[in-house]
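Written out below as structure tokens is the structure these notes cover.
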Amino acid sequence: MTEKFMIPSVPEVDPRTLGKLLLLQTTLHAFSGAEELASFLCRGLDLLPATSHVAVRIQDHVVFSDPDFEKELQDHQICDLCKDGPDGTEEAHTQFIQKDPDTYFCLPVKSLHDSYGCILFKCTDVHILSSYQPFLENFANTISLTMENRRQERELRDLNQELLGAKTLLEEQVADRTKKLRESNSFLKESEAKYRDLFEHANDAIFLLDMQRNFLDANVKATELFGFTKDEFLKMNFFDVIPQEQKERTEREFRILEETGSYEKFTGRQLTRDGRFLDVETSSSLVVKDGHIIGSRDVVRDITERLRMEKKLRQAQKMESIGTLAGGIAHDFNNILAAVYGFTELAQKASRGKADMEEYLSGILKSANRARDLVKQILTFSRQSDQDFQALEIHILIKEAMKLLRSSIPTTIQFCESVDTKAGKILADPSQIHQVILNLCTNAYHAMRETGGTLTVKLERVSINAMDREVRELHLLSPGDYVRLTVADTGVGISRSQIDNIFEPYFTTKAKGEGTGLGLAIVHGIVRSHGGQISVYSEPGQGTTFNVYLPSAGTEAADSDSSQDQEQNPGGNEHILIVDDEIQIVWVQQQVLESLGYTVTGRTSSVDALNLFTSRPEEFDLIITDMTMPTMTGVELTKAVKTLRPDIPVILCTGFSDLVNSEKAAHIGLSRFLTKPVTLDELAKAVRGALDGQPEEF
Amino acid sequence: MSTHDHAQHWEFDDDIFNGGVHLCYIYNDDEERARTMAKFFAKGIQAGQKALCIVDTLQPHDIHSSLRRIGVDIDGREDIFSTSKNEESYCPGGVFDPDSLLAGVGGFCTQARNEGYSGARISGDMSWALRKNVEMSTLMEYETKVTEYLQTTPFTAICEYDARKFSGSAIMDILSVHPAMIVQGQVVRNPYFVAPQEYMRQHTRH
């Protein structure tokens, strides 16, 4: 056996060294950083047997066990430990190791996929270290596996991070969308709530209809107005509430709606659940969805009350017009009557002793008196009559009137009185209020004359406030305290066709000769002149109720003294200037006054009269002037003469006493004012009183 | 201890822990660390040993929760299991003094013995050393003294080192002064361990 066949002995491995390798191997996972791992391994491997120096590179980090070894490797330009080499054995590095294979031992750290570094041992005896080669290679594989795992963990972590980022982004987007959706839903809900609130609380009935005119929705007002529940509406068709005679017209309106897109304020009537008719005003518009007409929205306003008010207003305006017209006629008629009176009275004086003549003239005067009474009634209706207002306890008047009526109305008519003696005072003319009570009660009696019945008279204090809309509008009353007089009968009643005309003058349902047709017109005029209102409610065959509202005077109104002076009509010898554009009146008054001993100058023009007075102001003791004259009125004339002679007494004659009230009369310095037609006695007393400077009670 | 000299690894309830041992635990995962420490203390408590956990990053409630998860409820049992803050324990007065610390450890062990416990287990998180800039040599001096002390007393101590904070080189130094270490939940003999006297001799010579 020769020496060349001898197998070199392999040093035995030391279990303690294997233990060190095992510990390093099981601990290296604790180091997450390449530098710390390289440092740890370098220190641990440096303690292996037969090892003088170690250099470890993990990825970019190279650690040397000794600075001298680092310098040595630098000198050979391999201090980067074959970094970037294809398999950890870069050429220079390989050449360096191959040059001295007994000293250097290189252990690449690489996997199938990647190279992670290199461990370079400088050995004192490479054979000893080589005996650990399988363990070292296994150790290097563990390092590379750890690095590989770490890389994969890192990639997984990055991927997870990306996924987490994507998830977070997605969650944010979902949250954002959810938030927006929630906001949008909230907005929609809010909008829906607002719409629903407007819809439900609208003051008009609102319907949604489909193209077959079936109800799809109806608001609260609709259910209140028509009496149907919402569920009932949803089973009904719009034409179910349209009266038969109006259906064709409604069809036409729907066609107009479909052609024009909307229509406004079509008026008509619609039926309620209990068969009542409502006067309505309907505005409609189409509901369009995705370019298709799917139905309509209809706003229905109940104008029943409005129409009733308009009718009432028209009636009131008509009554005002009639009153104005009647007043005007009465004024002219008074002027004519003044002449009739004057001439008749003159004729009576001239024909004294002629019995038949006196009788004729007396007949004329009687007729004139009747005509004057008629004019007074017309003026009362037109609220242009003289009124004597005083604070009045109306219940006293009612008691007196009822006593009078009871004695004249048969017992088939029962009286029912409900008079509140504390109803309070009103500012009123007692004779006119008396007339109102008598007229209304007489009408009631007439309505029950054939059948008998109950006449109810009621007096109470009522308070009308701004909230009593219906009461206010119905009677055109202002808010405040009122005394309400109610006169009701159980008679024949008034038909609907007649009830609107009952307050018109000369309108009557009575037989010819039973009534003048002025009774209710006068009542109306008196009530209106007292600032009140009158309403009537009647059911044919059931009876009629009149309600008279008169403003309460409260407790502040003072009683006025209604006493009248009772004076004689003496004559005199003073010079009187008479001014009236009606020559007959000038002539009659002149005759009358001259017959009483006065000197009279007459003028038919106020301008002429003023010129005359201006030229000779001291010549006249009294001026009697008409009120309404062309160019210059009686008041203007009075003012003019008063500037010339403030002490000159002036008597103003007028057909409309309300044109000159007491305040105005006092202000312009009038001594008297007389309402036409003026009788001889009235004229004589007024003239004497004015000349004597007696105070007038206007 | 001699019966286990040839074993490759030990469990936390093996007899090795009745004889006194100084362990090193290198970790880089807090959850795994909490589980490992809970297991270490649970076995000790079950064996009738007194326990002290010096906490730092791991809080008392973390270790309590981990113990509860493995069926050991020590809430309100400060007599058996107590915790103390790291810097209060290691640096009373603000300065790290290995001898006084060792006296403290010794005091705890004596107290356990006096109270009738069969042994004592202590764990200490060593991250404070980095915050306090304790020199490595001073730290190693302390560790070698602990090793020496525990060679003569039936108590066990684990020093916890965070591999994410300590350098690889420092970890290798640390390994050299602990006769055993915990690897993947098991206690293994440390082949890098250098006996205290030898370690001190080598480093004093340098």
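Labeling convention for the structure tokens: chains A, B, ... as they appear, residues from 1 per chain, ligands from 1 in order of appearance.
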For the interface of chain B with chain A (cut-off 12 Å, counting only C-alpha atoms), please tabulate each contacting residue of chain B alongside its nearest pair of atoms and their separation in Å to one decimal, rows sorted by chain and increasing number, as a Markdown table.
```
| residue | atom | partner | partner_atom | distance |
| --- | --- | --- | --- | --- |
| B:His6 | CA | A:Pro15 | CA | 11.7 |
| B:Gln8 | CA | A:Gly19 | CA | 9.5 |
| B:His9 | CA | A:Gly19 | CA | 11.7 |
| B:Cys24 | CA | A:Thr27 | CA | 11.6 |
| B:Tyr25 | CA | A:Thr27 | CA | 10.1 |
| B:Ile26 | CA | A:Ala30 | CA | 7.1 |
| B:Tyr27 | CA | A:Ala30 | CA | 6.0 |
| B:Asn28 | CA | A:Ala30 | CA | 5.4 |
| B:Asp29 | CA | A:Ala30 | CA | 8.3 |
| B:Asp30 | CA | A:Ala30 | CA | 11.7 |
| B:Glu32 | CA | A:Ala30 | CA | 11.7 |
| B:Arg33 | CA | A:Ala30 | CA | 11.7 |
| B:Tyr161 | CA | A:Ala30 | CA | 10.4 |
| B:Asp162 | CA | A:Ala30 | CA | 8.6 |
| B:Ala163 | CA | A:Phe31 | CA | 5.8 |
| B:Arg164 | CA | A:Phe31 | CA | 6.6 |
| B:Lys165 | CA | A:Phe31 | CA | 9.6 |
| B:Phe166 | CA | A:Glu36 | CA | 8.5 |
| B:Ser167 | CA | A:Glu36 | CA | 5.6 |
| B:Gly168 | CA | A:Phe40 | CA | 3.9 |
| B:Ser169 | CA | A:Phe40 | CA | 5.0 |
| B:Ala170 | CA | A:Phe40 | CA | 7.9 |
| B:Ile171 | CA | A:Phe40 | CA | 7.0 |
| B:Met172 | CA | A:Phe40 | CA | 6.1 |
| B:Asp173 | CA | A:Arg43 | CA | 8.6 |
| B:Ile174 | CA | A:Phe40 | CA | 11.0 |
| B:Leu175 | CA | A:Gly44 | CA | 9.7 |
| B:Ser176 | CA | A:Gly44 | CA | 10.0 |
| B:Ala180 | CA | A:Leu23 | CA | 10.8 |
| B:Met181 | CA | A:Leu23 | CA | 9.3 |
| B:Ile182 | CA | A:Thr27 | CA | 9.5 |
| B:Val183 | CA | A:Thr26 | CA | 6.8 |
| B:Gln184 | CA | A:Thr26 | CA | 7.8 |
| B:Gly185 | CA | A:Thr26 | CA | 11.3 |
| B:Gln186 | CA | A:Thr26 | CA | 11.2 |
| B:Val187 | CA | A:Leu23 | CA | 11.4 |
| B:Val188 | CA | A:Leu23 | CA | 8.7 |
| B:Arg189 | CA | A:Gly19 | CA | 8.7 |
| B:Asn190 | CA | A:Leu23 | CA | 7.4 |
| B:Pro191 | CA | A:Lys20 | CA | 5.3 |
| B:Tyr192 | CA | A:Lys20 | CA | 6.4 |
| B:Phe193 | CA | A:Lys20 | CA | 9.8 |
| B:Val194 | CA | A:Leu47 | CA | 11.8 |
```
Exercise. Identify all residues of region 20-131 of chain B in helix (DSSP H, G or I) (DSSP on the backbone) and supply them as number ranges by chain.
Key: B: 30-46, 60-69, 86-90, 98-114, 128-131
DSSP strand (DSSP E) residues within region 277-498 of chain A, listed as an NGL selection string: :A and (277-289 or 292-302 or 390-393 or 413-419 or 425-428 or 453-464 or 480-489)
* **Nearest to Thr631 (chain A), chosen from A:Ala368, A:Thr442, A:Lys265, A:Asp608, with only C-alpha atoms counted in the distances** =>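 Closest to Thr631 (chain A), using only C-alpha atoms: A:Asp608.
Residues with any atom within 12 Å of Arg131 (chain B), counting only C-alpha atoms and excluding same-chain neighbours fewer than 3 positions away, are Asp56, Asn86, Glu87, Cys91, Gly94, Val95, Phe96, Met126, Ser127, Trp128, Val134, Glu135, Lys165 and Phe166 of chain B.
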inquiry  = Please list as a count of residues only every residue within 7 Å of Ala51 (chain B), counting only C-alpha atoms and excluding residues in the same chain fewer than 5 positions away.
reply    = 7
Practice prompt. Go ahead and compute the interatomic distance for CA of His667 (chain A) and CA of Thr679 (chain A), in Å to one decimal.
Written response: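 We find that CA of His667 (chain A) and CA of Thr679 (chain A) lie 26.3 Å from each other.
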Residue with smallest distance to Leu234 (chain A) - pool A:Lys311, A:Leu622, A:Leu209, A:Gln246, counting only C-alpha atoms: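 So, comparing all the options, the nearest one is A:Leu209.
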